[in-house]
Amino acid sequence: MKKLILAILIGAFVMTGLAVAQATNTKTAVVYFSATGTTERMAKNAASAMGTDIFEIQPVHKYTSADLNWHDKKSLSSVECNDPKSRPAIKAVVSTGLVVEQGRNTTTVFDISNYDTVILCYPIWWSYAPKIVYTFAESQNWSGKNLVTLCTSGGSGLGRSGSDLAKYAKGAAFKGGKDFTHASGEDVQKYVDGLK
């Protein structure tokens, strides 16, 4: 009888350990690019509601209002969007939260190997994600990772931007995407939970 009780207790500890290991190994990150602040607000609300880490894609060249003028065919964003090979340089992909380490402010740099799911947030430019988001997607090792795309839009919605972007995130399992321009963080959390 003692052996049976001992076997049951050991089994319970092993199963508890496995459940804890599975729960702690499942990590999600929100990664966003925002030129005007709209996508940044959506991404921060989503990350806050879900309790996830959040990182910003920072361009080498910060976009000015002239760069974003979609009425001007020579504006930087227009030129980039009309060039399928355009891949604007990324300065860094860093945590937008403040990490305090040993009394100093430090910046956490994004490492995809730490996450199982990446929620990629971006504005819609000319029906697609900005080309800098493609730069990010192509720079990561997506093997075994889940990808969810969320966008903000002035009216055109997600369209094919998510599935198109997923083609450049080689090895990712594309779980879906949605326009969350006017949604709460809780709305995003409910949507993402439904994809898992």
# chains A, B, ... in the order shown; residues from 1 in each chain; ligands from 1
call {"tool": "residues_around", "arguments": {"residues": "Trp125 (chain A)", "least_positions_apart": "2", "cutoff": "9 Å", "atoms": "only C-alpha atoms", "output": "ChimeraX atom specification"}}
result
/A:70,77-78,81,123,127-130,153
call {"tool": "write_last_selection", "arguments": {"atoms": "C-alpha atoms", "output": "compact mmCIF listing (two decimals), in the first residue's frame"}}
result
# COMPACT_ATOMS: atom_id res chain seq x y z
CA TRP A 70 0.46 59.44 -49.19
CA SER A 77 6.54 55.83 -47.59
CA SER A 78 5.07 55.98 -51.12
CA CYS A 81 5.43 50.80 -50.70
CA PRO A 123 -0.40 50.31 -39.60
CA SER A 127 -3.18 47.93 -48.34
CA TYR A 128 -0.08 46.26 -46.87
CA ALA A 129 2.21 46.37 -43.87
CA PRO A 130 5.00 48.98 -44.12
CA SER A 153 -6.07 51.29 -40.56
call {"tool": "residues_around", "arguments": {"residues": "Asp187 (chain A)", "least_positions_apart": "3", "cutoff": "12 Å", "atoms": "only C-alpha atoms", "output": "list in words"}}
result
Met42, Ala43, Asn45, Ala46, Ala47, Ser48, Ala49, Met50, Leu150, Lys178, Asp179, Phe180, Thr181, His182, Ala183, Ser184, Lys190, Tyr191, Val192, Asp193 and Gly194 of chain A
call {"tool": "select_by_dssp", "arguments": {"residues": "region 25-185 of chain A", "states": "helix (DSSP H, G or I)", "output": "count of residues only"}}
result
41
call {"tool": "residues_around", "arguments": {"residues": "Asp164 (chain A)", "least_positions_apart": "6", "cutoff": "12 Å", "atoms": "only C-alpha atoms", "output": "tab-separated table (two decimals) with C-alpha atoms, in the first residue's frame"}}
result
chain	number	residue	atom	x	y	z
A	84	PRO	CA	8.52	45.24	-53.60
A	127	SER	CA	-3.18	47.93	-48.34
A	128	TYR	CA	-0.08	46.26	-46.87
A	129	ALA	CA	2.21	46.37	-43.87
A	130	PRO	CA	5.00	48.98	-44.12
A	131	LYS	CA	8.15	47.54	-45.67
A	133	VAL	CA	7.78	45.20	-40.97
A	134	TYR	CA	8.91	42.92	-43.83
A	137	ALA	CA	9.83	39.37	-40.53
A	149	THR	CA	-0.88	40.01	-37.20
A	158	LEU	CA	-6.28	44.11	-42.71
A	170	LYS	CA	9.63	31.65	-43.05
A	174	PHE	CA	0.28	31.98	-39.30
A	176	GLY	CA	-4.60	34.87	-38.36
A	177	GLY	CA	-4.94	38.61	-38.21
call {"tool": "residues_around", "arguments": {"residues": "Cys121 (chain A)", "least_positions_apart": "6", "cutoff": "8 Å", "atoms": "only C-alpha atoms", "output": "MDAnalysis selection string"}}
result
chainID A and resid 30:33 39 43 149:152
call {"tool": "closest_residue", "arguments": {"among": "A:Ser75, A:Gln189, A:Ser34, A:Ser86", "to": "Thr135 (chain A)", "atoms": "only C-alpha atoms"}}
result
A:Ser86
call {"tool": "atom_distance", "arguments": {"atom1": "CA of Ser65 (chain A)", "atom2": "CA of Ala89 (chain A)"}}
result
18.6 Å
call {"tool": "atom_distance", "arguments": {"atom1": "CA of Tyr63 (chain A)", "atom2": "CA of Thr108 (chain A)"}}
result
23.2 Å
call {"tool": "select_by_dssp", "arguments": {"residues": "region 3-185 of chain A", "states": "strand (DSSP E or B)", "output": "ChimeraX atom specification"}}
result
/A:28-32,53-59,90-95,99-101,104-106,109,117-123,125,128,146-152,173-179
